[in-house]
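Asks: Take this structure first; my questions come after.
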Amino acid sequence: MKKSCLIITVTIISILTMCATAFGYSNNLISEVVSVPLSSENVELGTITIQEDSAFSNDFVDGNIFIISLPNSLSFDQDKTIIEDAEYRYVTNSRIEITMTNTTPSVDTIAIHPVINILPKAEAGDFRVKIDGRDSAVTTGEYLILRLLP
């Protein structure tokens with residue numbers, strides 16, 4: 001009986017692992033981690049590049065949505081932040097919903113050039129941008145993007 005339960009458990013785990021690898025995958029890159037004093041204004045951060053992995057080059061699909069979020073003590077400068085090759089809308093000052101458009105059968109890339117404002121409640125330290133892939137082929141993760149110096 002114990003042997004049967006073990007075999008069933010291993011089989012289920014194997015199937016779930018194989019199914020998980022069937023989803024898309026993106027390479028999420030930050031061009032540089034910017035270090036600035038806490039008193040800085042209109043800070044240009046490193047480019048956030050979301051690139052479809054070449055092994056999954058058909059997984060970016062028009063209409064798929066993912067989200068980019070900053071910590072609460074930072075906000076996007078909506079007039080200066082640029083997003084290439086996608087449609088977008090600001091959900092809040094620190095959260096952008098990005099919709100894929102004009103995807104191709106080859107590797108697609110979305111580039112985000114964020115300019116941010118540092119809010120009064122910010123403290124010195126490291127800050128990470130969150131990428132929430134939702135139901136798209138974008139890989140979810142958190143990436144160091146800014147160091148605020150005292």
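Naming scheme: A, B, ... for chains in displayed order of the structure tokens; residues 1 onward per chain; ligands 1 onward as shown.
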Could you list, as a ChimeraX atom specification, every residue within 7 Å of A:Ser57, counting only C-alpha atoms and ignoring same-chain residues fewer than 3 positions away?
Replies: /A:52-54,105-107
Asks: Using DSSP on the backbone, list every residue of stretch 10-87 of chain A that comes out as helix (DSSP H, G or I), and give them as a ChimeraX atom specification.
Replies: /A:10-20,54-56
Asks: Just N, CA and C atoms for this one: save the residues we selected as a PDB file, in the first residue's frame.
Replies:
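out22.pdb, freshly written:
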ATOM      1  N   VAL A  10       4.780  10.209  -6.911  1.00  0.00           N
ATOM      2  CA  VAL A  10       5.874  10.505  -7.844  1.00  0.00           C
ATOM      3  C   VAL A  10       5.321  10.761  -9.246  1.00  0.00           C
ATOM      4  N   THR A  11       4.350   9.991  -9.665  1.00  0.00           N
ATOM      5  CA  THR A  11       3.737  10.173 -10.980  1.00  0.00           C
ATOM      6  C   THR A  11       3.063  11.535 -11.081  1.00  0.00           C
ATOM      7  N   ILE A  12       2.304  11.916 -10.070  1.00  0.00           N
ATOM      8  CA  ILE A  12       1.622  13.212 -10.078  1.00  0.00           C
ATOM      9  C   ILE A  12       2.630  14.354 -10.113  1.00  0.00           C
ATOM     10  N   ILE A  13       3.663  14.274  -9.305  1.00  0.00           N
ATOM     11  CA  ILE A  13       4.695  15.315  -9.289  1.00  0.00           C
ATOM     12  C   ILE A  13       5.381  15.399 -10.653  1.00  0.00           C
ATOM     13  N   SER A  14       5.666  14.286 -11.270  1.00  0.00           N
ATOM     14  CA  SER A  14       6.297  14.274 -12.597  1.00  0.00           C
ATOM     15  C   SER A  14       5.403  14.929 -13.643  1.00  0.00           C
ATOM     16  N   ILE A  15       4.129  14.623 -13.612  1.00  0.00           N
ATOM     17  CA  ILE A  15       3.186  15.202 -14.576  1.00  0.00           C
ATOM     18  C   ILE A  15       3.084  16.709 -14.368  1.00  0.00           C
ATOM     19  N   LEU A  16       2.984  17.151 -13.122  1.00  0.00           N
ATOM     20  CA  LEU A  16       2.895  18.581 -12.846  1.00  0.00           C
ATOM     21  C   LEU A  16       4.158  19.309 -13.276  1.00  0.00           C
ATOM     22  N   THR A  17       5.300  18.712 -13.084  1.00  0.00           N
ATOM     23  CA  THR A  17       6.562  19.311 -13.506  1.00  0.00           C
ATOM     24  C   THR A  17       6.620  19.442 -15.022  1.00  0.00           C
ATOM     25  N   MET A  18       6.189  18.438 -15.742  1.00  0.00           N
ATOM     26  CA  MET A  18       6.190  18.500 -17.206  1.00  0.00           C
ATOM     27  C   MET A  18       5.211  19.549 -17.700  1.00  0.00           C
ATOM     28  N   CYS A  19       4.065  19.678 -17.066  1.00  0.00           N
ATOM     29  CA  CYS A  19       3.079  20.678 -17.474  1.00  0.00           C
ATOM     30  C   CYS A  19       3.605  22.082 -17.220  1.00  0.00           C
ATOM     31  N   ALA A  20       4.300  22.283 -16.124  1.00  0.00           N
ATOM     32  CA  ALA A  20       4.816  23.605 -15.797  1.00  0.00           C
ATOM     33  C   ALA A  20       5.831  24.072 -16.830  1.00  0.00           C
ATOM     34  N   SER A  54      14.037  32.450 -27.061  1.00  0.00           N
ATOM     35  CA  SER A  54      14.044  31.907 -28.425  1.00  0.00           C
ATOM     36  C   SER A  54      13.451  30.494 -28.498  1.00  0.00           C
ATOM     37  N   ALA A  55      13.492  29.760 -27.400  1.00  0.00           N
ATOM     38  CA  ALA A  55      12.910  28.410 -27.392  1.00  0.00           C
ATOM     39  C   ALA A  55      11.382  28.454 -27.325  1.00  0.00           C
ATOM     40  N   PHE A  56      10.834  29.633 -27.005  1.00  0.00           N
ATOM     41  CA  PHE A  56       9.387  29.795 -26.879  1.00  0.00           C
ATOM     42  C   PHE A  56       8.923  30.996 -27.701  1.00  0.00           C
TER      43      PHE A  56
END
Asks: Using DSSP on the backbone, list every residue of stretch 106-149 of chain A that comes out as strand (DSSP E or B), and give them as an MDAnalysis selection string.
Replies: chainID A and resid 109:113 115:118 125:132 141:149
Asks: Report as a tab-separated table: every residue of stretch 50-139 of chain A with an atom at most 7 Å from stretch 33-46 of chain A, its closest pair of atoms, and their distance in Å to one decimal, counting only C-alpha atoms, with rows sorted by chain and ascending residue number.
Replies:
residue	atom	partner	partner_atom	distance
A:His113	CA	A:Gly46	CA	6.9
A:Pro114	CA	A:Leu45	CA	5.6
A:Val115	CA	A:Glu44	CA	4.4
A:Ile116	CA	A:Val43	CA	5.2
A:Asn117	CA	A:Asn42	CA	5.2
A:Ile118	CA	A:Glu41	CA	6.5
A:Ala124	CA	A:Leu38	CA	6.3
Asks: Selected residues, N, CA, C and O atoms, written as a tab-separated table (two decimals), in the first residue's frame, please.
Replies:
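Full text of again-v2.tsv as output:
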chain	number	residue	atom	x	y	z
A	113	HIS	N	11.51	52.15	-20.37
A	113	HIS	CA	12.51	53.14	-19.95
A	113	HIS	C	11.88	53.98	-18.83
A	113	HIS	O	11.27	55.02	-19.09
A	114	PRO	N	12.01	53.51	-17.58
A	114	PRO	CA	11.31	54.19	-16.49
A	114	PRO	C	12.04	55.44	-15.99
A	114	PRO	O	13.27	55.46	-15.87
A	115	VAL	N	11.25	56.45	-15.74
A	115	VAL	CA	11.71	57.65	-15.02
A	115	VAL	C	10.83	57.71	-13.79
A	115	VAL	O	9.60	57.61	-13.89
A	116	ILE	N	11.45	57.85	-12.63
A	116	ILE	CA	10.67	57.77	-11.39
A	116	ILE	C	10.86	59.01	-10.52
A	116	ILE	O	11.83	59.76	-10.67
A	117	ASN	N	9.91	59.17	-9.63
A	117	ASN	CA	9.99	60.20	-8.59
A	117	ASN	C	10.12	59.48	-7.25
A	117	ASN	O	9.50	58.44	-7.04
A	118	ILE	N	10.94	60.04	-6.39
A	118	ILE	CA	11.14	59.48	-5.06
A	118	ILE	C	10.20	60.21	-4.11
A	118	ILE	O	10.27	61.44	-4.00
A	124	ALA	N	16.68	55.35	2.49
A	124	ALA	CA	17.84	54.82	1.77
A	124	ALA	C	17.79	53.30	1.75
A	124	ALA	O	17.29	52.66	2.68
Asks: Hey, which of A:Thr99, A:Thr92, A:Ser75, A:Asn28 ends up closest to A:Gly63? Count only C-alpha atoms.
Replies: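 Closest residue, counting only C-alpha atoms: A:Thr99.
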Asks: Using only C-alpha atoms, find the one residue out of A:Ile48, A:Leu119, A:Ile30, A:Ile68 that sits nearest to A:Ile131.
Replies: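 Nearest to A:Ile131: A:Ile68.
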Asks: Would you mind listing what lies within 9 Å of A:Val138 as a PyMOL selection string, with only C-alpha atoms counted and same-chain residues fewer than 4 positions away left out?
Replies: chain A and resi 24-28+50-52+59-60+65-66+131-134
Asks: What lies within 8 Å of A:Thr101 using only C-alpha atoms, ignoring chain neighbours under 2 positions off, as a list of chain:residue names?
Replies: A:Val61, A:Asp62, A:Gly63, A:Asp85, A:Ala86, A:Glu87, A:Thr99, A:Thr103
Asks: Just the selected residues (N, CA, C and O atoms), exported as a tab-separated table (two decimals), in the first residue's frame, please.
Replies:
chain	number	residue	atom	x	y	z
A	61	VAL	N	1.69	36.73	-27.10
A	61	VAL	CA	0.47	36.79	-27.90
A	61	VAL	C	-0.21	38.15	-27.71
A	61	VAL	O	-0.30	38.65	-26.59
A	62	ASP	N	-0.68	38.73	-28.82
A	62	ASP	CA	-1.41	39.99	-28.73
A	62	ASP	C	-2.53	39.88	-27.70
A	62	ASP	O	-3.25	38.89	-27.66
A	63	GLY	N	-2.64	40.91	-26.88
A	63	GLY	CA	-3.69	40.94	-25.86
A	63	GLY	C	-3.28	40.40	-24.51
A	63	GLY	O	-3.97	40.65	-23.52
A	85	ASP	N	6.88	49.09	-28.03
A	85	ASP	CA	6.32	47.87	-28.60
A	85	ASP	C	5.23	47.22	-27.76
A	85	ASP	O	5.10	45.99	-27.74
A	86	ALA	N	4.44	48.04	-27.06
A	86	ALA	CA	3.30	47.52	-26.29
A	86	ALA	C	2.39	48.69	-25.94
A	86	ALA	O	2.81	49.85	-25.93
A	87	GLU	N	1.15	48.37	-25.65
A	87	GLU	CA	0.22	49.37	-25.12
A	87	GLU	C	0.29	49.28	-23.60
A	87	GLU	O	0.62	48.23	-23.04
A	99	THR	N	0.04	45.67	-22.15
A	99	THR	CA	-0.65	44.75	-23.04
A	99	THR	C	0.20	44.52	-24.29
A	99	THR	O	0.61	45.48	-24.95
A	103	THR	N	2.67	41.21	-31.89
A	103	THR	CA	3.63	40.13	-31.68
A	103	THR	C	3.88	39.40	-32.99
A	103	THR	O	3.07	39.45	-33.91
Asks: Counting only C-alpha atoms, which of A:Thr104, A:Ser136, A:Gln78, A:Thr47 gets nearest to A:Val91?
Replies: A:Gln78
Asks: Using only C-alpha atoms for the distances, tell me which of A:Thr81, A:Asn64, A:Ser73, A:Thr139 is nearest to A:Pro120.
Replies: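 Counting only C-alpha atoms, the residue closest to A:Pro120 is A:Ser73.
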Asks: Select, from A:Leu148, A:Val129, A:Ala137, A:Ile98, the residue with the minimum atom-to-atom distance to A:Glu84, counting only C-alpha atoms.
Replies: A:Ile98
Asks: Enter the distance from atom CA of A:Lys80 to atom CA of A:Asp135, in Å, rounded to one decimal.
Replies: 27.9 Å
Asks: What is the atom CA of A:Tyr90-atom CA of A:Pro71 distance in Å, reported with one decimal?
Replies: 14.6 Å
